[in-house]
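K.L.:
File name target10.cif; file contents mmCIF, C-alpha atoms; full text below.
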data_entry
loop_
_atom_site.label_atom_id
_atom_site.label_comp_id
_atom_site.auth_asym_id
_atom_site.auth_seq_id
_atom_site.Cartn_x
_atom_site.Cartn_y
_atom_site.Cartn_z
CA MET A 1 -19.10 -5.10 -94.31
CA ALA A 2 -17.49 -2.56 -92.04
CA GLN A 3 -15.48 0.54 -92.74
CA ASP A 4 -12.58 1.32 -90.41
CA GLY A 5 -10.27 4.17 -91.24
CA GLY A 6 -11.07 3.93 -94.93
CA THR A 7 -10.47 0.17 -95.11
CA VAL A 8 -13.40 -2.12 -95.81
CA VAL A 9 -13.40 -5.23 -93.58
CA PRO A 10 -16.06 -7.87 -92.89
CA VAL A 11 -18.18 -7.33 -89.81
CA ASP A 12 -17.50 -10.96 -88.79
CA THR A 13 -13.91 -9.99 -87.96
CA ILE A 14 -15.03 -7.79 -85.06
CA LYS A 15 -14.06 -10.33 -82.44
CA LYS A 16 -10.60 -10.74 -83.92
CA LYS A 17 -9.73 -7.08 -83.79
CA THR A 18 -8.60 -4.95 -80.91
CA GLY A 19 -10.55 -1.88 -79.90
CA VAL A 20 -9.40 1.51 -81.16
CA SER A 21 -10.16 4.94 -79.79
CA ARG A 22 -13.13 6.79 -81.24
CA SER A 23 -14.47 3.62 -82.84
CA TRP A 24 -18.21 3.49 -83.47
CA MET A 25 -20.47 1.02 -85.23
CA LEU A 26 -23.32 2.30 -87.36
CA LEU A 27 -26.29 -0.08 -87.52
CA ASP A 28 -29.19 0.75 -89.81
CA SER A 29 -32.74 -0.59 -89.83
CA SER A 30 -31.68 -3.57 -91.95
CA GLY A 31 -29.09 -4.65 -89.37
CA GLU A 32 -26.11 -3.83 -91.57
CA GLY A 33 -23.10 -2.72 -89.53
CA THR A 34 -20.34 -0.32 -90.48
CA ILE A 35 -17.39 0.47 -88.23
CA LEU A 36 -16.47 4.15 -88.28
CA ASP A 37 -13.68 6.13 -86.70
CA LEU A 38 -15.45 9.34 -85.65
CA ASP A 39 -14.45 12.24 -83.48
CA ARG A 40 -16.86 14.38 -81.49
CA GLN A 41 -17.44 16.95 -84.22
CA SER A 42 -18.17 14.27 -86.80
CA ILE A 43 -20.78 12.71 -84.54
CA MET A 44 -22.42 16.07 -83.86
CA ARG A 45 -22.64 16.73 -87.60
CA ARG A 46 -24.17 13.32 -88.16
CA VAL A 47 -26.56 13.21 -85.18
CA PRO A 48 -28.41 16.31 -83.87
CA ILE A 49 -27.16 16.25 -80.26
CA ASN A 50 -25.10 18.78 -78.35
CA ALA A 51 -21.62 18.36 -76.90
CA ARG A 52 -22.92 18.08 -73.34
CA ASP A 53 -24.94 14.98 -74.22
CA LEU A 54 -22.01 13.54 -76.11
CA ARG A 55 -19.74 13.86 -73.08
CA ILE A 56 -22.01 11.41 -71.30
CA LEU A 57 -20.73 8.74 -73.70
CA ASP A 58 -17.06 9.54 -73.10
CA PRO A 59 -15.45 6.45 -71.49
CA MET A 60 -12.79 8.66 -69.91
CA LEU A 61 -15.44 10.47 -67.86
CA SER A 62 -17.39 8.84 -65.05
CA TYR A 63 -21.09 9.40 -65.66
CA PRO A 64 -23.91 7.39 -64.07
CA SER A 65 -26.25 5.29 -66.15
CA THR A 66 -28.41 7.62 -68.21
CA ILE A 67 -31.20 7.40 -70.79
CA LEU A 68 -31.89 10.80 -72.35
CA GLY A 69 -34.58 11.57 -74.88
CA ARG A 70 -33.72 14.40 -77.24
CA GLU A 71 -35.59 15.86 -80.20
CA LYS A 72 -34.22 13.40 -82.78
CA ALA A 73 -32.08 10.97 -80.78
CA ILE A 74 -31.85 8.90 -77.62
CA VAL A 75 -28.55 9.14 -75.74
CA LEU A 76 -27.91 5.87 -73.96
CA ASN A 77 -25.23 5.27 -71.33
CA LEU A 78 -25.68 1.95 -69.54
CA GLU A 79 -22.34 0.80 -68.13
CA HIS A 80 -20.35 -0.47 -71.14
CA ILE A 81 -23.27 0.10 -73.55
CA LYS A 82 -22.92 3.62 -74.93
CA ALA A 83 -25.07 4.41 -77.92
CA ILE A 84 -26.95 7.06 -79.83
CA ILE A 85 -30.30 5.88 -81.22
CA THR A 86 -32.27 7.63 -83.92
CA THR A 87 -35.35 6.57 -85.87
CA GLU A 88 -33.24 4.95 -88.58
CA GLU A 89 -29.85 3.99 -87.15
CA VAL A 90 -27.86 3.18 -84.04
CA LEU A 91 -24.38 4.48 -83.28
CA LEU A 92 -22.70 2.12 -80.80
CA ARG A 93 -19.42 3.03 -79.14
CA ASP A 94 -16.50 0.59 -78.84
CA PRO A 95 -18.13 -2.24 -80.82
CA LEU A 96 -14.96 -4.34 -80.56
CA ASP A 97 -15.16 -4.60 -76.79
CA ASP A 98 -15.80 -8.14 -75.58
CA ASN A 99 -18.84 -7.03 -73.59
CA VAL A 100 -20.28 -5.03 -76.49
CA VAL A 101 -19.88 -7.68 -79.22
CA PRO A 102 -22.96 -9.66 -78.01
CA ILE A 103 -24.98 -6.43 -78.14
CA VAL A 104 -23.86 -5.84 -81.72
CA GLU A 105 -24.87 -9.36 -82.71
CA GLU A 106 -28.25 -9.02 -81.03
CA LEU A 107 -28.90 -5.68 -82.70
CA GLN A 108 -28.06 -7.15 -86.09
CA ARG A 109 -30.49 -9.96 -85.43
CA ARG A 110 -33.43 -7.98 -84.05
CA LEU A 111 -33.32 -4.62 -85.78
CA PRO A 112 -34.33 -5.81 -89.27
CA MET A 113 -38.03 -6.09 -89.98
CA ALA A 114 -39.72 -8.39 -92.48
CA VAL A 115 -39.89 -6.91 -95.96
CA CYS A 116 -43.54 -6.44 -96.94
CA ARG A 117 -44.93 -7.84 -100.15
CA GLY A 118 -46.56 -5.96 -102.97
CA GLU A 119 -50.22 -5.01 -102.73
CA GLY A 120 -51.10 -7.55 -105.41
CA GLU A 121 -49.78 -10.38 -103.26
CA ASP A 122 -51.62 -9.03 -100.23
CA ASP A 123 -54.87 -8.88 -102.16
CA ASP A 124 -54.40 -12.48 -103.37
CA ARG A 125 -53.56 -13.75 -99.87
CA PRO A 126 -55.84 -12.06 -97.33
CA GLU A 127 -54.58 -14.26 -94.48
CA MET A 128 -51.03 -12.99 -95.13
CA ARG A 129 -52.34 -9.43 -95.23
CA ASN A 130 -54.05 -9.89 -91.87
CA GLU A 131 -50.86 -11.34 -90.41
CA VAL A 132 -48.80 -8.42 -91.66
CA GLU A 133 -51.34 -5.94 -90.31
CA THR A 134 -51.29 -7.66 -86.93
CA ASP A 135 -47.51 -7.50 -86.84
CA ALA A 136 -47.72 -3.82 -87.81
CA GLU A 137 -49.92 -3.12 -84.83
CA THR A 138 -47.67 -4.92 -82.35
CA GLU A 139 -44.25 -4.06 -83.81
CA PHE A 140 -42.15 -1.65 -81.78
CA PRO A 141 -40.64 1.42 -83.42
CA PHE A 142 -37.01 1.16 -84.43
CA GLU A 143 -35.72 3.15 -81.45
CA PHE A 144 -37.64 0.96 -79.00
CA ARG A 145 -36.26 -2.23 -80.51
CA ALA A 146 -32.75 -0.85 -80.14
CA LEU A 147 -33.51 0.34 -76.61
CA GLU A 148 -34.91 -3.06 -75.69
CA VAL A 149 -31.74 -4.80 -76.88
CA ALA A 150 -29.62 -2.42 -74.78
CA LEU A 151 -31.78 -2.89 -71.68
CA GLU A 152 -31.83 -6.64 -72.11
CA GLY A 153 -28.07 -6.68 -72.59
CA ILE A 154 -27.26 -4.64 -69.48
CA CYS A 155 -29.77 -6.49 -67.31
CA SER A 156 -28.44 -9.86 -68.45
CA PHE A 157 -24.86 -8.69 -67.96
CA LEU A 158 -25.46 -7.49 -64.40
CA ASP A 159 -27.47 -10.61 -63.56
CA ALA A 160 -24.66 -12.82 -64.84
CA ARG A 161 -22.12 -10.91 -62.73
CA THR A 162 -24.41 -11.33 -59.73
CA ARG A 163 -24.69 -15.08 -60.25
CA GLU A 164 -20.91 -15.36 -60.54
CA LEU A 165 -20.53 -13.43 -57.31
CA GLU A 166 -23.08 -15.63 -55.55
CA THR A 167 -21.29 -18.76 -56.75
CA ALA A 168 -18.03 -17.55 -55.23
CA ALA A 169 -19.40 -15.83 -52.12
CA TYR A 170 -21.64 -18.41 -50.47
CA PRO A 171 -19.00 -21.21 -50.27
CA ALA A 172 -16.41 -18.69 -49.04
CA LEU A 173 -18.74 -17.47 -46.29
CA ASP A 174 -19.57 -21.02 -45.22
CA GLU A 175 -15.87 -21.86 -45.10
CA LEU A 176 -15.20 -18.78 -42.99
CA THR A 177 -17.84 -19.78 -40.44
CA SER A 178 -16.26 -23.21 -40.09
CA LYS A 179 -12.68 -21.93 -39.90
CA ILE A 180 -11.66 -18.37 -39.12
CA SER A 181 -8.32 -17.71 -40.72
CA SER A 182 -6.50 -14.79 -42.32
CA ARG A 183 -6.84 -16.37 -45.76
CA ASN A 184 -10.60 -16.82 -45.46
CA LEU A 185 -11.06 -13.34 -44.02
CA ASP A 186 -9.12 -11.75 -46.87
CA ARG A 187 -11.11 -13.76 -49.42
CA VAL A 188 -14.42 -12.62 -47.95
CA ARG A 189 -13.17 -9.04 -47.78
CA LYS A 190 -12.45 -9.04 -51.51
CA LEU A 191 -15.84 -10.59 -52.29
CA LYS A 192 -17.59 -7.99 -50.15
CA SER A 193 -15.77 -5.19 -51.99
CA ALA A 194 -16.79 -6.70 -55.33
CA MET A 195 -20.40 -6.96 -54.11
CA THR A 196 -20.40 -3.31 -53.03
CA ARG A 197 -19.15 -2.17 -56.43
CA LEU A 198 -21.65 -4.37 -58.28
CA THR A 199 -24.51 -3.17 -56.07
CA SER A 200 -23.63 0.41 -56.90
CA ARG A 201 -23.71 -0.35 -60.64
CA VAL A 202 -27.05 -2.16 -60.41
CA GLN A 203 -28.49 0.63 -58.26
CA LYS A 204 -27.59 3.28 -60.85
CA VAL A 205 -29.37 1.39 -63.64
CA ARG A 206 -32.36 0.74 -61.40
CA ASP A 207 -32.60 4.40 -60.37
CA GLU A 208 -32.51 5.53 -63.99
CA LEU A 209 -35.33 3.17 -64.99
CA GLU A 210 -37.35 4.19 -61.94
CA GLN A 211 -36.89 7.86 -62.78
CA LEU A 212 -38.12 7.27 -66.32
CA LEU A 213 -41.15 5.32 -65.13
CA ASP A 214 -42.07 8.10 -62.70
CA ASP A 215 -42.08 10.80 -65.39
CA ASP A 216 -44.43 10.43 -68.37
CA ASP A 217 -42.84 13.43 -70.08
CA ASP A 218 -39.43 11.76 -70.08
CA MET A 219 -40.96 8.62 -71.56
CA ALA A 220 -42.77 10.68 -74.18
CA ASP A 221 -39.42 12.21 -75.18
CA LEU A 222 -38.22 8.74 -76.17
CA TYR A 223 -40.92 8.42 -78.87
CA LEU A 224 -38.68 9.67 -81.67
CA SER A 225 -40.78 8.20 -84.48
CA ARG A 226 -43.91 9.78 -83.05
CA LYS A 227 -42.26 13.21 -82.91
CA LEU A 228 -40.88 12.75 -86.40
CA GLY A 229 -44.28 11.64 -87.65
CA GLY A 230 -45.88 14.73 -86.14
CA VAL A 231 -43.44 17.00 -87.98
CA SER A 232 -43.43 15.29 -91.36
CA SER A 233 -47.02 14.09 -91.59
CA PRO A 234 -48.54 13.43 -95.04
CA ALA A 235 -50.06 16.30 -96.94
CA SER A 236 -53.47 14.68 -97.06
CA GLY A 237 -55.74 15.45 -94.14
CA GLN A 238 -56.55 11.78 -93.65
CA GLY A 239 -53.16 10.85 -92.13
CA GLN A 240 -52.26 14.01 -90.26
CA GLY A 241 -53.10 12.55 -86.89
CA ILE A 242 -51.30 9.25 -87.48
CA PRO A 243 -47.76 8.79 -86.10
CA ASN A 244 -45.44 7.92 -88.96
CA TRP A 245 -43.15 5.38 -87.29
CA PHE A 246 -40.65 4.96 -90.12
CA PRO A 247 -41.41 7.39 -92.94
CA ALA A 248 -38.19 6.73 -94.88
CA SER A 249 -38.06 2.95 -94.52
CA PRO A 250 -38.89 0.95 -97.71
CA THR A 251 -39.61 -2.16 -95.65
CA LEU A 252 -42.59 -0.80 -93.75
CA CYS A 253 -45.23 -0.38 -96.41
CA SER A 254 -47.55 -2.60 -94.39
CA LYS A 255 -47.28 -0.16 -91.46
CA ILE A 256 -47.91 2.83 -93.68
CA SER A 257 -50.88 1.23 -95.38
CA LYS A 258 -52.24 0.19 -91.99
CA ALA A 259 -51.76 3.71 -90.63
CA SER A 260 -53.62 5.17 -93.60
CA ARG A 261 -56.60 2.99 -92.73
CA THR A 262 -56.65 3.88 -89.01
CA SER A 263 -57.32 7.61 -88.94
CA GLY A 264 -59.50 7.54 -85.83
CA PHE A 265 -56.67 8.46 -83.44
CA THR A 266 -55.79 12.02 -82.60
CA THR A 267 -52.36 13.51 -82.17
CA GLN A 268 -53.07 14.59 -78.60
CA SER A 269 -54.15 11.13 -77.42
CA THR A 270 -51.19 9.49 -79.16
CA GLU A 271 -48.69 11.84 -77.60
CA ASN A 272 -50.05 11.18 -74.13
CA ASP A 273 -50.03 7.40 -74.57
CA VAL A 274 -46.79 6.00 -73.14
CA GLU A 275 -48.21 2.68 -72.04
CA GLU A 276 -46.25 0.80 -74.69
CA LEU A 277 -42.91 2.13 -73.49
CA GLU A 278 -43.96 1.92 -69.85
CA MET A 279 -44.61 -1.80 -70.18
CA LEU A 280 -41.20 -2.25 -71.80
CA LEU A 281 -39.41 -0.34 -69.05
CA GLU A 282 -41.37 -2.06 -66.30
CA ALA A 283 -40.32 -5.49 -67.59
CA TYR A 284 -36.63 -4.65 -67.35
CA PHE A 285 -37.14 -2.70 -64.13
CA MET A 286 -38.52 -5.90 -62.57
CA GLN A 287 -35.51 -7.81 -63.91
CA ILE A 288 -33.00 -5.32 -62.49
CA GLU A 289 -35.02 -5.26 -59.26
CA SER A 290 -34.65 -9.04 -59.07
CA THR A 291 -30.89 -8.67 -59.48
CA MET A 292 -30.92 -6.01 -56.75
CA ASN A 293 -32.81 -8.39 -54.46
CA LYS A 294 -30.20 -11.08 -55.04
CA LEU A 295 -27.46 -8.66 -54.02
CA SER A 296 -29.48 -7.56 -50.99
CA THR A 297 -29.89 -11.19 -49.95
CA LEU A 298 -26.16 -11.73 -50.38
CA ARG A 299 -25.42 -8.62 -48.32
CA GLU A 300 -27.71 -9.87 -45.54
CA TYR A 301 -25.94 -13.23 -45.63
CA ILE A 302 -22.58 -11.47 -45.34
CA ASP A 303 -23.88 -9.36 -42.45
CA ASP A 304 -25.20 -12.46 -40.71
CA THR A 305 -21.84 -14.15 -41.20
CA GLU A 306 -20.07 -11.12 -39.77
CA ASP A 307 -22.38 -11.18 -36.74
CA TYR A 308 -21.70 -14.89 -36.27
CA ILE A 309 -17.95 -14.31 -36.51
CA ASN A 310 -18.16 -11.45 -34.01
CA ILE A 311 -20.11 -13.69 -31.62
CA GLN A 312 -17.45 -16.36 -31.95
CA LEU A 313 -14.70 -13.84 -31.35
CA ASP A 314 -16.54 -12.45 -28.32
CA ASN A 315 -16.88 -15.96 -26.95
CA HIS A 316 -13.15 -16.60 -27.40
CA ARG A 317 -12.45 -13.24 -25.78
CA ASN A 318 -14.62 -14.16 -22.80
CA GLN A 319 -12.83 -17.48 -22.46
CA LEU A 320 -9.50 -15.67 -22.40
CA ILE A 321 -10.83 -13.30 -19.72
CA GLN A 322 -11.94 -16.28 -17.64
CA LEU A 323 -8.54 -17.87 -18.02
CA GLU A 324 -6.92 -14.62 -17.01
CA LEU A 325 -9.17 -14.51 -13.92
CA PHE A 326 -8.15 -18.04 -12.92
CA LEU A 327 -4.48 -17.23 -13.41
CA SER A 328 -4.78 -13.96 -11.50
CA SER A 329 -6.53 -15.69 -8.58
CA GLY A 330 -3.88 -18.40 -8.51
CA THR A 331 -1.15 -15.78 -8.62
CA VAL A 332 -2.64 -13.96 -5.60
CA CYS A 333 -2.75 -17.21 -3.59
CA LEU A 334 0.82 -18.11 -4.53
CA SER A 335 1.90 -14.63 -3.56
CA MET A 336 0.45 -15.18 -0.08
CA TYR A 337 2.23 -18.51 0.15
CA SER A 338 5.48 -16.85 -0.94
CA LEU A 339 4.97 -14.17 1.73
CA VAL A 340 4.80 -16.80 4.48
CA ALA A 341 7.84 -18.58 3.07
CA ALA A 342 9.73 -15.29 2.94
CA ILE A 343 8.90 -14.51 6.58
CA PHE A 344 10.14 -17.86 7.75
CA GLY A 345 13.17 -17.62 5.56
CA MET A 346 14.53 -14.51 7.24
CA ASN A 347 17.71 -14.87 9.31
CA ILE A 348 16.10 -13.50 12.44
CA PRO A 349 16.44 -15.53 15.64
CA TYR A 350 13.10 -16.70 17.05
CA THR A 351 12.82 -18.63 20.30
CA TRP A 352 10.08 -20.87 18.88
CA LYS A 353 12.40 -22.09 16.11
CA GLU A 354 14.62 -23.91 18.54
CA ASP A 355 13.76 -27.54 19.19
CA HIS A 356 10.55 -27.19 17.14
CA GLY A 357 11.37 -29.00 13.82
CA TYR A 358 7.77 -30.09 13.32
CA MET A 359 6.79 -26.44 12.81
CA PHE A 360 8.04 -26.48 9.22
CA LYS A 361 5.62 -29.22 8.28
CA TRP A 362 2.62 -27.55 9.87
CA VAL A 363 3.41 -24.16 8.44
CA VAL A 364 3.60 -25.61 4.91
CA ILE A 365 0.37 -27.56 5.29
CA LEU A 366 -1.65 -24.80 6.88
CA THR A 367 -0.42 -22.17 4.45
CA GLY A 368 -1.27 -24.39 1.49
CA ILE A 369 -4.77 -25.06 2.86
CA ALA A 370 -5.34 -21.37 3.48
CA CYS A 371 -4.23 -20.42 -0.06
CA ALA A 372 -6.45 -23.11 -1.59
CA CYS A 373 -9.43 -21.87 0.42
CA ILE A 374 -8.80 -18.32 -0.70
CA PHE A 375 -8.56 -19.46 -4.35
CA LEU A 376 -11.84 -21.40 -4.11
CA PHE A 377 -13.50 -18.43 -2.44
CA LEU A 378 -12.41 -16.11 -5.28
CA ILE A 379 -13.67 -18.51 -7.97
CA SER A 380 -16.99 -19.03 -6.16
CA TYR A 381 -17.44 -15.29 -5.81
CA ALA A 382 -16.70 -14.79 -9.54
CA ARG A 383 -19.26 -17.43 -10.50
CA HIS A 384 -21.81 -15.94 -8.15
CA LYS A 385 -21.37 -12.58 -9.87
CA GLY A 386 -21.54 -14.23 -13.32
CA LEU A 387 -17.96 -13.39 -14.21
CA VAL A 388 -17.14 -16.97 -15.22
CA GLY A 389 -19.22 -19.81 -16.59
CA SER A 390 -20.58 -22.54 -14.42
#
Here is a file; write its structure as structure tokens.

P.N.:
Amino acid sequence: MAQDGGTVVPVDTIKKKTGVSRSWMLLDSSGEGTILDLDRQSIMRRVPINARDLRILDPMLSYPSTILGREKAIVLNLEHIKAIITTEEVLLRDPLDDNVVPIVEELQRRLPMAVCRGEGEDDDRPEMRNEVETDAETEFPFEFRALEVALEGICSFLDARTRELETAAYPALDELTSKISSRNLDRVRKLKSAMTRLTSRVQKVRDELEQLLDDDDDMADLYLSRKLGGVSSPASGQGQGIPNWFPASPTLCSKISKASRTSGFTTQSTENDVEELEMLLEAYFMQIESTMNKLSTLREYIDDTEDYINIQLDNHRNQLIQLELFLSSGTVCLSMYSLVAAIFGMNIPYTWKEDHGYMFKWVVILTGIACACIFLFLISYARHKGLVGS
């Protein structure tokens, strides 16, 4: 069930509702979701974070992708996934958004842990006890399970957007190389703009993961259950060095019983061990790196297409220059022919005009031959200098 403005509604109706401002979904360790309408002060009273960290989750403000580890909470801002994660619950912003609904469903599916049996059943079934103890050793803390869902969601989302872009871009680029037109150029321009925006989004997520992986202290800050276990350790000296992953959870008695039997670890060594989280972050860093490589390959393909188009345009430009050279050479020769015709067309008496009618024929023939020779000489000279093709 969900609670929205004092009205109890089923969580299954999330998809049917429209998003409201200040809407948050509270998910506990059992996967139960409750929709709340909270303002900033209400969130700060509920979760121990300051206003500066809360502004990172404001959709009206443009903040880059961020994963912050605080004393008792993880502030998560990954594109449309904006959440506050504690050791017992997750506050997810805008749960009614179409892109956030799959994250809500995945959190509800993966946050709950198997309820452990009583000690009598474990004693009667040692194989079940061993299985539970094995799961207790390999099970992630609550905050890491929530963080993994968020990382998987954003990586899958960006990878899906990249595949959609590839599906639209490659045919458009191939069509542009076969036919250069205003329509194809405008289509490729829009796809290139979309690729630039998507690359920027992927780069921000990648940079944040890389920054976390480079700093062990930042990764250690994300171990909320470890810090909580160090503060509220059991009174007995046997379990003081054991991290209490979920001290208030009734479903983790197998973890607690296992922790009480493994007192060989020290607090210092546990605090310095971030290998578990590092492996988690590296897995999704490789996934986001793969998405980045796809975008880089697409960018190179676009650049190659642009180079090919520029070569084609340069070739057409050179052909136009050659045509202009031919026309200019022909115009010069015709101008010389017109000069001769103009001289003979003047009304000036010449003695050689009289009784010499055959002169007209010879003047026309010789002038035409001379102009043709000059034209051929100009073209041959241009080819010799490499100004026109052979």

K.L.:
What does the distance from atom CA of Ala83 of chain A to atom CA of Ala150 of chain A come to in Å, to one decimal?

P.N.:
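Between these atoms lies a distance of 8.8 Å.
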
K.L.:
Rounded to one decimal place, report the atom CA of Asp37 of chain A-atom CA of Arg22 of chain A distance in Å.

P.N.:
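These atoms are spaced 5.5 Å apart.
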
K.L.:
Step by step: start from the point (-20.2, -3.8, -55.5) in the file's coordinates, keep every protein, DNA or RNA residue that has an atom no farther than 12 Å from it, count only C-alpha atoms, and write the set as a PyMOL selection string.

P.N.:
chain A and resi 158+161-162+165+189-204+292+295-296+298-299

K.L.:
Running the PyMOL selection byres ((chain A and resi 185) around 12) on this model by hand, what would come out? Give it as a PyMOL selection string.

P.N.:
chain A and resi 169+172-184+186-192+302+305-306+309

K.L.:
For the file shown, report as an MDAnalysis selection string the outcome of the PyMOL selection byres ((chain A and resi 208) around 12) at residue level.

P.N.:
chainID A and resid 64:68 76:79 151 201:207 209:215 218:219 281:282 284:285 288

K.L.:
If I take atom CA of Gly153 of chain A and atom CA of Pro102 of chain A, how far is one from the other in Å, to one decimal?

P.N.:
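These atoms are spaced 8.0 Å apart.
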
K.L.:
Tell me which residues the PyMOL selection byres ((chain A and resi 94) around 6) grabs here, as a ChimeraX atom specification.

P.N.:
/A:23-24,93,95-97

K.L.:
I need the residue nearest Val274 of chain A from this list: A:Asn310, A:Arg317, A:Ala341, A:Ala220. Use only C-alpha atoms for the distance.

P.N.:
A:Ala220

K.L.:
Step by step, gather every atom of segment 164-181 of chain A that the file lists, find the box along x, y and z that holds them, add 8 Å on each side, and finally give centre and edge lengths in Å to one decimal, as AutoDock Vina command-line options.

P.N.:
--center_x -15.7 --center_y -18.3 --center_z -49.8 --size_x 30.8 --size_y 25.8 --size_z 37.4

K.L.:
Hey, can you pull every residue with an atom no more than 7 Å from (-31.2, -6.6, -65.6), using all atoms listed in the file, and send it as a PyMOL selection string?

P.N.:
chain A and resi 152+154-156+158-159+284+287-288+291

K.L.:
Store the residues of this selection in a file with C-alpha atoms, as a PDB file, in the frame of the given file.

P.N.:
ATOM      1  CA  GLU A 152     -31.830  -6.640 -72.110  1.00  0.00           C
ATOM      2  CA  ILE A 154     -27.260  -4.640 -69.480  1.00  0.00           C
ATOM      3  CA  CYS A 155     -29.770  -6.490 -67.310  1.00  0.00           C
ATOM      4  CA  SER A 156     -28.440  -9.860 -68.450  1.00  0.00           C
ATOM      5  CA  LEU A 158     -25.460  -7.490 -64.400  1.00  0.00           C
ATOM      6  CA  ASP A 159     -27.470 -10.610 -63.560  1.00  0.00           C
ATOM      7  CA  TYR A 284     -36.630  -4.650 -67.350  1.00  0.00           C
ATOM      8  CA  GLN A 287     -35.510  -7.810 -63.910  1.00  0.00           C
ATOM      9  CA  ILE A 288     -33.000  -5.320 -62.490  1.00  0.00           C
ATOM     10  CA  THR A 291     -30.890  -8.670 -59.480  1.00  0.00           C
TER      11      THR A 291
END

K.L.:
For a quick check of understanding, using only C-alpha atoms, which of A:Gly33, A:Glu166, A:Leu26, A:Glu106 has the smallest distance to Lys294 of chain A?

P.N.:
A:Glu166
